[in-house]
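Undergrad: Please see the structure below; I have some questions.
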Amino acid sequence: MSVILGIESTAHTFGIGIVKDGKILANVKETYTTEKGGIIPVESAKHHEKFCKLLLKKAFDECGMSFENVNAIAFSQAPGLAPCLLVGLRFAKKISKENNIPLVPVNHCVAHLEIGRITGAKDPVMLYASGANTQIIAYASEKYRVFGETLDIGIGNFIDTFARYTGLGFPGGPKVAELALKSNSEKYIELPYSIKGMDVAFSGMLTKLRQLFERKQATIEDLSYSLQETAFAMLVEASERALAHTGKKELLLGGGVACNKRLQEMCRIMCEERGCKFFVPPNSLLVDNGAMIAYLGEIQFKSGIKFSGKEADKLDINPRQRTDHIKVTWR
Ligand code: ATP
Ligand code: FE2
């Protein structure tokens, strides 16, 4: 039996989760948002500093626990924005020292993947669609291999950039999704569809959307609708190719953009047509959160990965670590 506390701080969200034997007991967070413009890393880090103690208390209150119950403290070590990662690292080290509890460093992207297993998926192809990342990943011989990915920007950052440009604020994903519902297939505007094998690219589509918006050639609703239909069709096509290539029979969605109901619907239809199973965790586990860090932290902890004393002092952040660089020793 083990209880793991997880700390998420890679970008816009500071979150604390508590997991016991694979069950989520608490999952609380605060997200840095802006009315105009994107994330300012230093401002986001300040936001995290302000909330860490409060959220820790909230998480403990939620499940009636205290440090006495905690066997390990997991934190997101990589990848992400350095100032934000540092807040998480320092906070994790501080409470680890004060309470004499070992640390477990976790890769944020792998956590997005592993938490998907809570849905019952066993060996899926995973479409990881988040802010900074868009990857199609599957497990093969001790690694999560990247079969396809974006060649320029992540799908979330792409949508958020469009939203920022058109004055919708950050994060743009939910706003674009809402506007898209007010348009339909008859108003669809053709946009650059860019897919090579299992890789995708969005910058051409972004340029075209900007031009159409600037020249007032389409409404924001029709642009939002066309953006979603085109970009998501690319992701579904790449995912289907990965399913065919790997012979796997399950598709799992992960990352904040996977909250999008239209993306979920398009994936579900593709899976039904191919005779595959489709899995998607609840929104609270798709967006950045502390529970997924605790969840993967527990798996790693049980496989013997933990740091105490001087070893813990030496732990550092790794802003650019890639998913396929990590040796998956716990599977
Ligand atoms: P990464 O995991 O690549 O580091 P991240 O940490 O920024 O990225 P997530 O929290 O996983 O990201 O995802 C953030 C993205 O999800 C943003 O681009 C946001 O617009 C989008 N998003 C969040 N909620 C929704 C929603 N309900 N519908 C559509 N998009 C959403
Ligand atoms: Fe994320």
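As shown in the structure tokens, the chain order sets the letters A, B, ...; within each chain, residues go from 1, and ligands are also counted from 1 in the order they appear.
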Return as a list of chain:residue names every polymer residue, whether protein, DNA or RNA, with at least one atom no more than 7 Å from an atom of ligand 2; count only C-alpha atoms and all ligand atoms.
TA: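 The distance check yields A:His108, A:Cys109, A:His112, A:Ser130, A:Gly131, A:Gly255, A:Gly256, A:Val287, A:Asp288.
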Undergrad: Give me, as a VMD selection string, the set of residues whose atoms come within 8 Å of any atom of ligand 1, counting only C-alpha atoms and all ligand atoms.
TA: chain A and resid 10 to 13 79 to 80 108 to 109 112 129 to 134 154 to 160 170 to 177 254 to 261 283 286 to 289
Undergrad: Got a sec to tell me which of range 168-261 of chain A DSSP assigns to helix (DSSP H, G or I), as number ranges by chain?
TA: A: 173-180, 185-187, 203-214, 220-246, 256-259, 261
Undergrad: Would you list the contacts of Ser183 in chain A as an mmCIF file with N, CA, C and O atoms, in the first residue's frame, taking every protein, DNA or RNA residue within 7 Å and counting only C-alpha atoms, but skipping same-chain residues closer than 6 positions in sequence?
TA:
```cif
data_model
loop_
_atom_site.group_PDB
_atom_site.id
_atom_site.type_symbol
_atom_site.label_atom_id
_atom_site.label_comp_id
_atom_site.auth_asym_id
_atom_site.auth_seq_id
_atom_site.Cartn_x
_atom_site.Cartn_y
_atom_site.Cartn_z
ATOM 1 N N GLU A 221 -16.933 32.283 -36.410
ATOM 2 C CA GLU A 221 -17.588 30.983 -36.206
ATOM 3 C C GLU A 221 -17.197 30.003 -37.313
ATOM 4 O O GLU A 221 -16.836 28.861 -37.041
ATOM 5 N N ASP A 222 -17.257 30.487 -38.570
ATOM 6 C CA ASP A 222 -16.928 29.601 -39.692
ATOM 7 C C ASP A 222 -15.447 29.249 -39.702
ATOM 8 O O ASP A 222 -15.069 28.127 -40.061
ATOM 9 N N TYR A 225 -14.965 26.622 -36.952
ATOM 10 C CA TYR A 225 -15.491 25.331 -37.418
ATOM 11 C C TYR A 225 -14.530 24.676 -38.412
ATOM 12 O O TYR A 225 -14.171 23.501 -38.280
#
```
Undergrad: So how many Å separate CA of Ile293 in chain A and CA of Pro83 in chain A, to one decimal?
TA: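 Between these atoms lies a distance of 18.5 Å.
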Undergrad: Can you check which parts of range 102-170 of chain A lie within 12 Å of range 18-31 of chain A? Per residue, the shortest pair of atoms and distance in Å to one decimal, counting only C-alpha atoms, sorted by chain and number, as a Markdown table.
TA:
```
| residue | atom | partner | partner_atom | distance |
| --- | --- | --- | --- | --- |
| A:Glu114 | CA | A:Gly22 | CA | 11.0 |
| A:Ile115 | CA | A:Gly22 | CA | 9.5 |
| A:Gly116 | CA | A:Gly22 | CA | 11.8 |
| A:Arg117 | CA | A:Gly22 | CA | 10.0 |
| A:Ile118 | CA | A:Gly22 | CA | 8.0 |
| A:Thr119 | CA | A:Gly22 | CA | 11.7 |
| A:Phe170 | CA | A:Thr31 | CA | 10.8 |
```
Undergrad: Could the residues in this selection be written to a file with C-alpha atoms, as a PDB file, in the first residue's frame?
TA:
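Result file follows (part-v7.pdb):
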```
ATOM      1  CA  GLU A 114       0.107   6.583 -18.244  1.00  0.00           C
ATOM      2  CA  ILE A 115      -2.934   8.188 -16.625  1.00  0.00           C
ATOM      3  CA  GLY A 116      -4.880   6.990 -19.673  1.00  0.00           C
ATOM      4  CA  ARG A 117      -4.538   3.466 -18.379  1.00  0.00           C
ATOM      5  CA  ILE A 118      -7.074   4.359 -15.704  1.00  0.00           C
ATOM      6  CA  THR A 119      -9.702   4.002 -18.467  1.00  0.00           C
ATOM      7  CA  PHE A 170      -6.066  32.234 -23.457  1.00  0.00           C
TER       8      PHE A 170
END
```
Undergrad: What separation in Å, quoted to one decimal, exists between CA of Tyr144 in chain A and CA of Pro124 in chain A?
TA: 10.9 Å
Undergrad: Write out as a PyMOL selection string each polymer residue whose atoms come within 10 Å of Asn318 in chain A, counting only C-alpha atoms; drop sequence neighbours fewer than 5 positions from it.
TA: chain A and resi 76-82+85-86+107
Undergrad: For a test of reading the model, state the distance in Å between CA of Glu273 in chain A and CA of Gln135 in chain A, rounded to one decimal.
TA: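 Computing it gives 22.2 Å between the two atoms.
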Undergrad: Show which residues sit within 10 Å of Ile305 in chain A, as a PDB file with C-alpha atoms, in the first residue's frame. Count only C-alpha atoms, and ignore same-chain residues fewer than 4 positions away.
TA:
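The result, stored in around.pdb:
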```
ATOM      1  CA  PRO A 102      11.628  10.552  -0.853  1.00  0.00           C
ATOM      2  CA  LEU A 103      11.201  12.290  -4.225  1.00  0.00           C
ATOM      3  CA  VAL A 104      10.159  10.701  -7.513  1.00  0.00           C
ATOM      4  CA  PRO A 105      10.885  12.778 -10.658  1.00  0.00           C
ATOM      5  CA  GLY A 297       4.960   8.619  -9.525  1.00  0.00           C
ATOM      6  CA  GLU A 298       3.371   5.665  -7.757  1.00  0.00           C
ATOM      7  CA  ILE A 299       4.159   3.283 -10.627  1.00  0.00           C
ATOM      8  CA  GLN A 300       7.786   4.459 -10.670  1.00  0.00           C
ATOM      9  CA  PHE A 301       8.056   4.387  -6.853  1.00  0.00           C
ATOM     10  CA  THR A 329      11.670   0.344 -16.719  1.00  0.00           C
ATOM     11  CA  TRP A 330       8.342  -0.008 -14.919  1.00  0.00           C
TER      12      TRP A 330
END
```
Undergrad: Using only C-alpha atoms, determine which residues lie at most 12 Å from Leu251 in chain A, disregarding the query and same-chain residues fewer than 5 positions distant; provide the list as a ChimeraX atom specification.
TA: /A:113,116-117,119-128,136-138,236,238-244,246,264,266-272,274-281
Undergrad: Looking only at strand (DSSP E) from DSSP on the backbone, list the matching residues of range 106-178 of chain A as a list of chain:residue names.
TA: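 Reading the DSSP output for range 106-178 of chain A, strand (DSSP E) covers A:Val106, A:Asn107, A:Val125, A:Met126, A:Leu127, A:Tyr128, A:Ala129, A:Thr134, A:Gln135, A:Ile136, A:Ile137, A:Ala138, A:Tyr139, A:Ala140, A:Lys143, A:Tyr144, A:Arg145, A:Val146, A:Phe147, A:Gly148, A:Glu149.
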Undergrad: Point out the residue among A:Val110, A:Ala140, A:Ile189, A:Leu227 with the least atom-to-atom distance to Arg262 in chain A, counting only C-alpha atoms.
TA: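 Of the candidates, the smallest distance to Arg262 in chain A is held by A:Leu227.
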Undergrad: With only C-alpha atoms as the counted atoms, please give the residues lying no more than 12 Å from Arg90 in chain A, apart from itself and same-chain residues fewer than 4 positions off, as a PyMOL selection string.
TA: chain A and resi 7+9+45+48-49+52+75-77+83-86+94-97+103+312-317
Undergrad: How would the residues just picked look written out with N, CA, C and O atoms as a short mmCIF file (atom, residue, chain, number, x, y, z; two decimals), in the first residue's frame?
TA:
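Saved as selection.cif:
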```
data_model
loop_
_atom_site.label_atom_id
_atom_site.label_comp_id
_atom_site.auth_asym_id
_atom_site.auth_seq_id
_atom_site.Cartn_x
_atom_site.Cartn_y
_atom_site.Cartn_z
N ILE A 7 3.01 16.66 -7.81
CA ILE A 7 3.04 18.11 -8.04
C ILE A 7 3.24 18.39 -9.52
O ILE A 7 4.22 17.94 -10.12
N SER A 9 3.68 21.42 -12.42
CA SER A 9 3.98 22.86 -12.54
C SER A 9 4.63 23.23 -13.87
O SER A 9 5.26 24.26 -13.97
N ALA A 45 5.07 31.42 -13.30
CA ALA A 45 5.82 30.90 -12.14
C ALA A 45 5.40 31.61 -10.85
O ALA A 45 5.21 30.97 -9.81
N HIS A 48 2.22 30.21 -9.69
CA HIS A 48 2.39 28.90 -9.04
C HIS A 48 2.87 29.07 -7.60
O HIS A 48 2.40 28.39 -6.69
N GLU A 49 3.82 29.99 -7.42
CA GLU A 49 4.37 30.22 -6.07
C GLU A 49 3.26 30.63 -5.11
O GLU A 49 3.23 30.22 -3.96
N CYS A 52 0.98 27.32 -4.23
CA CYS A 52 1.42 25.97 -3.85
C CYS A 52 0.99 25.54 -2.45
O CYS A 52 0.48 24.43 -2.28
N PHE A 75 7.07 14.78 -8.64
CA PHE A 75 6.93 16.13 -9.21
C PHE A 75 7.28 16.07 -10.69
O PHE A 75 8.05 15.21 -11.13
N SER A 76 6.69 17.00 -11.47
CA SER A 76 6.99 17.02 -12.90
C SER A 76 8.35 17.68 -13.11
O SER A 76 8.50 18.87 -12.86
N GLN A 77 9.30 16.88 -13.53
CA GLN A 77 10.69 17.33 -13.68
C GLN A 77 10.93 17.86 -15.10
O GLN A 77 11.82 18.67 -15.33
N PRO A 83 11.11 28.47 -15.65
CA PRO A 83 10.71 29.13 -14.39
C PRO A 83 9.59 28.40 -13.67
O PRO A 83 9.56 28.36 -12.43
N CYS A 84 8.68 27.80 -14.43
CA CYS A 84 7.55 27.09 -13.84
C CYS A 84 8.01 25.76 -13.23
O CYS A 84 7.63 25.40 -12.12
N LEU A 85 8.85 25.04 -13.99
CA LEU A 85 9.40 23.77 -13.49
C LEU A 85 10.15 23.98 -12.18
O LEU A 85 10.08 23.16 -11.27
N LEU A 86 10.87 25.10 -12.11
CA LEU A 86 11.67 25.38 -10.91
C LEU A 86 10.81 25.56 -9.66
O LEU A 86 11.20 25.13 -8.57
N LYS A 94 11.52 21.11 -0.80
CA LYS A 94 11.27 21.70 0.52
C LYS A 94 10.40 20.75 1.37
O LYS A 94 10.80 20.37 2.48
N ILE A 95 9.29 20.32 0.83
CA ILE A 95 8.40 19.47 1.65
C ILE A 95 8.97 18.07 1.82
O ILE A 95 8.70 17.40 2.81
N SER A 96 9.81 17.65 0.88
CA SER A 96 10.48 16.34 1.01
C SER A 96 11.44 16.37 2.19
O SER A 96 11.48 15.46 3.01
N LYS A 97 12.22 17.45 2.26
CA LYS A 97 13.20 17.60 3.35
C LYS A 97 12.52 17.74 4.71
O LYS A 97 12.86 17.04 5.66
N LEU A 103 11.73 11.64 -3.02
CA LEU A 103 11.20 12.29 -4.23
C LEU A 103 11.20 11.31 -5.40
O LEU A 103 12.08 10.46 -5.52
N ALA A 312 18.60 13.36 -3.61
CA ALA A 312 17.44 14.22 -3.84
C ALA A 312 17.88 15.67 -4.07
O ALA A 312 17.35 16.37 -4.94
N ASP A 313 18.88 16.11 -3.30
CA ASP A 313 19.40 17.48 -3.44
C ASP A 313 19.88 17.74 -4.86
O ASP A 313 19.77 18.84 -5.39
N LYS A 314 20.45 16.70 -5.48
CA LYS A 314 21.05 16.85 -6.81
C LYS A 314 20.02 16.91 -7.94
O LYS A 314 20.37 17.26 -9.06
N LEU A 315 18.79 16.54 -7.67
CA LEU A 315 17.78 16.51 -8.74
C LEU A 315 17.60 17.90 -9.36
O LEU A 315 17.57 18.90 -8.65
N ASP A 316 17.47 17.93 -10.66
CA ASP A 316 17.28 19.21 -11.36
C ASP A 316 16.13 19.08 -12.36
O ASP A 316 15.66 17.97 -12.63
N ILE A 317 15.72 20.19 -12.94
CA ILE A 317 14.68 20.16 -13.98
C ILE A 317 15.32 19.81 -15.32
O ILE A 317 16.54 19.86 -15.47
#
```
